[in-house]
Amino acid sequence: MRSFLLISIMYLMLGCAEEPQISDLVVQYQNPKIIKPFALNDENGQITTEKSLHDQWTLLFLGYTSCPDICPMTLVKLSQVYQQLEKDYPISVWFVSVDPQRDTPAKRHAYINYFNHEFKALSGPHAQLFPFVRDIGLIYAINNSTEQEYYVDHSASVALINPRGELAAIFKAKYTVNEIPLIDITTLVRDFKIIAI
């Protein structure tokens, strides 16, 4: 009788164990949002549409190849995230350039291959980029400068799109005083695994 009581208590304790919680660096959508149709060019000049988001998890980051800090540092981190997840999950990483004037397919190709040749590097005219970026919950701003060198303001966060082509979450960059806002690898991987269950 005593052993039965102990086993019952153990089952109750296991049943009451708290499920792991996502961190405060992620915004998870309880009702994932369907991504509207879009058409962007990849690093090989091929058209990529919303259909390419299906049947895999996609981590999507905005940037531009002339970015001095956030973009290269985030892509290094995303390469490490990819290496930690690719064996257990169907996953893709998309770098979306929001500077189509300077970032030609050839330039995007060379740039993304430096970080990981499995990554995709997309872009398109602002008329297509703006609605797409807004749809995935990110932002960017670019002025109409005629100078060759200029900065582009863009989100430092990473969007997560589920295998049904829906926006599932946004991994926010970690903001620390006097430091560049960047994603945290350990936190992102942990949060991803909770969301992907």
# chains A, B, ... in the order shown; residues from 1 in each chain; ligands from 1

$ select_by_dssp --residues "chain A" --states "alpha helix (DSSP H)" --output "number ranges by chain"
A: 2-15, 70-85, 105-115, 126-135, 185-195

$ residues_around --residues "segment 102-118 of chain A" --least-positions-apart "6" --cutoff "9 Å" --atoms "only C-alpha atoms" --output "list in words"
Asn41, Asp42, Glu43, Asn44, Gly45, Tyr64, Thr65, Ser66, Pro72, Leu75, Val76, Leu78, Ser79, Ser92, Val93, Phe95 and Gln148 of chain A

$ write_last_selection --atoms "C-alpha atoms" --output "tab-separated table (two decimals), in the first residue's frame"
chain	number	residue	atom	x	y	z
A	41	ASN	CA	14.81	37.82	-55.88
A	42	ASP	CA	17.33	35.49	-54.27
A	43	GLU	CA	21.13	35.68	-54.50
A	44	ASN	CA	21.03	33.77	-57.79
A	45	GLY	CA	18.48	36.09	-59.38
A	64	TYR	CA	22.27	45.23	-45.97
A	65	THR	CA	25.76	44.27	-47.12
A	66	SER	CA	27.31	47.67	-46.26
A	72	PRO	CA	27.69	40.80	-39.89
A	75	LEU	CA	24.78	36.59	-39.31
A	76	VAL	CA	27.73	35.07	-37.43
A	78	LEU	CA	22.67	32.94	-36.89
A	79	SER	CA	25.28	30.64	-38.43
A	92	SER	CA	16.47	27.80	-43.27
A	93	VAL	CA	17.97	31.23	-42.69
A	95	PHE	CA	18.91	37.44	-45.01
A	148	GLN	CA	27.30	56.36	-52.47

$ select_by_dssp --residues "chain A" --states "strand (DSSP E or B)" --output "number ranges by chain"
A: 26-34, 39-41, 47-49, 57-63, 91-97, 120-123, 140-141, 153-154, 158-161, 166-171, 174, 182

$ residues_around --residues "Gln128 of chain A" --least-positions-apart "3" --cutoff "8 Å" --atoms "only C-alpha atoms" --output "PDB file with all heavy atoms, in the first residue's frame"
ATOM      1  N   PHE A  38       4.191  37.156 -51.728  1.00  0.00           N
ATOM      2  CA  PHE A  38       5.277  38.083 -52.064  1.00  0.00           C
ATOM      3  C   PHE A  38       6.159  37.445 -53.133  1.00  0.00           C
ATOM      4  O   PHE A  38       6.096  36.234 -53.371  1.00  0.00           O
ATOM      5  CB  PHE A  38       6.118  38.417 -50.819  1.00  0.00           C
ATOM      6  CG  PHE A  38       6.887  37.250 -50.260  1.00  0.00           C
ATOM      7  CD1 PHE A  38       8.158  36.927 -50.727  1.00  0.00           C
ATOM      8  CD2 PHE A  38       6.335  36.450 -49.253  1.00  0.00           C
ATOM      9  CE1 PHE A  38       8.858  35.842 -50.220  1.00  0.00           C
ATOM     10  CE2 PHE A  38       7.033  35.367 -48.739  1.00  0.00           C
ATOM     11  CZ  PHE A  38       8.292  35.061 -49.219  1.00  0.00           C
ATOM     12  N   ALA A  39       6.975  38.264 -53.773  1.00  0.00           N
ATOM     13  CA  ALA A  39       7.947  37.773 -54.759  1.00  0.00           C
ATOM     14  C   ALA A  39       9.216  38.601 -54.610  1.00  0.00           C
ATOM     15  O   ALA A  39       9.213  39.806 -54.850  1.00  0.00           O
ATOM     16  CB  ALA A  39       7.390  37.890 -56.179  1.00  0.00           C
ATOM     17  N   LEU A  40      10.302  37.950 -54.191  1.00  0.00           N
ATOM     18  CA  LEU A  40      11.593  38.598 -54.037  1.00  0.00           C
ATOM     19  C   LEU A  40      12.631  37.823 -54.839  1.00  0.00           C
ATOM     20  O   LEU A  40      12.436  36.656 -55.162  1.00  0.00           O
ATOM     21  CB  LEU A  40      12.003  38.641 -52.563  1.00  0.00           C
ATOM     22  CG  LEU A  40      11.095  39.426 -51.613  1.00  0.00           C
ATOM     23  CD1 LEU A  40      11.532  39.214 -50.165  1.00  0.00           C
ATOM     24  CD2 LEU A  40      11.090  40.911 -51.956  1.00  0.00           C
ATOM     25  N   GLY A 124      14.489  43.031 -53.239  1.00  0.00           N
ATOM     26  CA  GLY A 124      13.529  43.402 -54.268  1.00  0.00           C
ATOM     27  C   GLY A 124      13.272  44.890 -54.185  1.00  0.00           C
ATOM     28  O   GLY A 124      13.775  45.570 -53.285  1.00  0.00           O
ATOM     29  N   PRO A 125      12.513  45.425 -55.128  1.00  0.00           N
ATOM     30  CA  PRO A 125      12.188  46.854 -55.095  1.00  0.00           C
ATOM     31  C   PRO A 125      11.435  47.204 -53.807  1.00  0.00           C
ATOM     32  O   PRO A 125      10.745  46.365 -53.231  1.00  0.00           O
ATOM     33  CB  PRO A 125      11.279  47.045 -56.318  1.00  0.00           C
ATOM     34  CG  PRO A 125      11.474  45.834 -57.158  1.00  0.00           C
ATOM     35  CD  PRO A 125      11.883  44.734 -56.244  1.00  0.00           C
ATOM     36  N   PRO A 131       5.862  46.214 -47.970  1.00  0.00           N
ATOM     37  CA  PRO A 131       4.727  45.430 -47.460  1.00  0.00           C
ATOM     38  C   PRO A 131       5.147  44.079 -46.888  1.00  0.00           C
ATOM     39  O   PRO A 131       4.577  43.610 -45.903  1.00  0.00           O
ATOM     40  CB  PRO A 131       3.815  45.259 -48.684  1.00  0.00           C
ATOM     41  CG  PRO A 131       4.540  45.817 -49.846  1.00  0.00           C
ATOM     42  CD  PRO A 131       5.724  46.564 -49.381  1.00  0.00           C
ATOM     43  N   PHE A 132       6.161  43.457 -47.484  1.00  0.00           N
ATOM     44  CA  PHE A 132       6.639  42.163 -46.979  1.00  0.00           C
ATOM     45  C   PHE A 132       7.222  42.308 -45.577  1.00  0.00           C
ATOM     46  O   PHE A 132       6.888  41.551 -44.658  1.00  0.00           O
ATOM     47  CB  PHE A 132       7.684  41.593 -47.937  1.00  0.00           C
ATOM     48  CG  PHE A 132       8.383  40.375 -47.402  1.00  0.00           C
ATOM     49  CD1 PHE A 132       7.712  39.166 -47.269  1.00  0.00           C
ATOM     50  CD2 PHE A 132       9.714  40.429 -47.019  1.00  0.00           C
ATOM     51  CE1 PHE A 132       8.353  38.046 -46.761  1.00  0.00           C
ATOM     52  CE2 PHE A 132      10.366  39.312 -46.512  1.00  0.00           C
ATOM     53  CZ  PHE A 132       9.681  38.120 -46.387  1.00  0.00           C
TER      54      PHE A 132
END

$ closest_residue --among "A:Tyr29, A:Tyr150, A:Phe119, A:Trp57" --to "Phe192 of chain A" --atoms "only C-alpha atoms"
A:Trp57

$ atom_distance --atom1 "atom CA of Thr48 of chain A" --atom2 "atom CA of Lys33 of chain A"
19.3 Å

$ residues_around --residues "Asp191 of chain A" --least-positions-apart "4" --cutoff "7 Å" --atoms "only C-alpha atoms" --output "JSON, numbers by chain"
{"A": [22, 23, 187, 195]}

$ closest_atom_pairs --of "segment 28-118 of chain A" --to "segment 156-173 of chain A" --cutoff "10 Å" --atoms "only C-alpha atoms" --output "CSV"
residue,atom,partner,partner_atom,distance
A:Gln28,CA,A:Ala169,CA,4.2
A:Tyr29,CA,A:Ala168,CA,5.4
A:Gln30,CA,A:Ala168,CA,7.8
A:Asn31,CA,A:Ala168,CA,7.8
A:Pro32,CA,A:Ala168,CA,4.8
A:Lys33,CA,A:Leu167,CA,4.9
A:Ile34,CA,A:Glu166,CA,4.2
A:Ile35,CA,A:Glu166,CA,5.5
A:Lys36,CA,A:Glu166,CA,9.1
A:Glu50,CA,A:Gly165,CA,6.9
A:Lys51,CA,A:Gly165,CA,7.4
A:Ser52,CA,A:Gly165,CA,8.3
A:Leu53,CA,A:Gly165,CA,5.1
A:His54,CA,A:Pro163,CA,4.8
A:Asp55,CA,A:Pro163,CA,4.4
A:Gln56,CA,A:Pro163,CA,4.4
A:Trp57,CA,A:Asn162,CA,4.9
A:Thr58,CA,A:Ile161,CA,5.0
A:Leu59,CA,A:Leu160,CA,4.8
A:Leu60,CA,A:Ala159,CA,5.0
A:Phe61,CA,A:Val158,CA,5.0
A:Leu62,CA,A:Ala156,CA,7.4
A:Gly63,CA,A:Ala156,CA,8.3
A:Ile70,CA,A:Ala156,CA,7.0
A:Cys71,CA,A:Ala156,CA,8.1
A:Thr74,CA,A:Ala156,CA,8.1
A:Leu78,CA,A:Val158,CA,9.3
A:Pro90,CA,A:Pro163,CA,8.6
A:Ile91,CA,A:Pro163,CA,9.0
A:Ser92,CA,A:Ile161,CA,9.8
A:Val93,CA,A:Leu160,CA,9.5
A:Trp94,CA,A:Ala159,CA,9.7
A:Phe95,CA,A:Val158,CA,9.8

$ write_last_selection --atoms "C-alpha atoms" --output "compact mmCIF listing (two decimals), in the first residue's frame"
# COMPACT_ATOMS: atom_id res chain seq x y z
CA GLN A 28 5.32 34.47 -29.63
CA TYR A 29 2.10 34.67 -31.61
CA GLN A 30 -0.50 32.39 -30.05
CA ASN A 31 -2.34 32.55 -33.38
CA PRO A 32 0.45 32.50 -35.98
CA LYS A 33 -0.08 34.98 -38.80
CA ILE A 34 -0.19 33.81 -42.43
CA ILE A 35 2.42 35.56 -44.58
CA LYS A 36 0.83 37.36 -47.52
CA GLU A 50 5.78 32.61 -49.94
CA LYS A 51 5.67 28.97 -51.07
CA SER A 52 9.39 28.72 -50.29
CA LEU A 53 8.57 29.18 -46.61
CA HIS A 54 6.62 25.93 -46.38
CA ASP A 55 7.87 22.64 -44.91
CA GLN A 56 10.67 24.20 -42.84
CA TRP A 57 11.28 26.64 -40.02
CA THR A 58 12.68 29.94 -41.33
CA LEU A 59 14.72 32.47 -39.39
CA LEU A 60 14.53 35.80 -41.21
CA PHE A 61 16.78 38.79 -40.61
CA LEU A 62 16.79 42.22 -42.31
CA GLY A 63 19.98 44.05 -43.22
CA ILE A 70 24.70 44.60 -36.57
CA CYS A 71 24.36 42.62 -39.82
CA THR A 74 24.01 38.81 -36.32
CA LEU A 78 22.67 32.94 -36.89
CA PRO A 90 14.25 21.41 -41.05
CA ILE A 91 15.51 24.99 -40.91
CA SER A 92 16.47 27.80 -43.27
CA VAL A 93 17.97 31.23 -42.69
CA TRP A 94 17.00 34.18 -44.89
CA PHE A 95 18.91 37.44 -45.01

$ closest_residue --among "A:Gln83, A:Thr49, A:Gln21, A:Val98" --to "Tyr151 of chain A" --atoms "only C-alpha atoms"
A:Val98
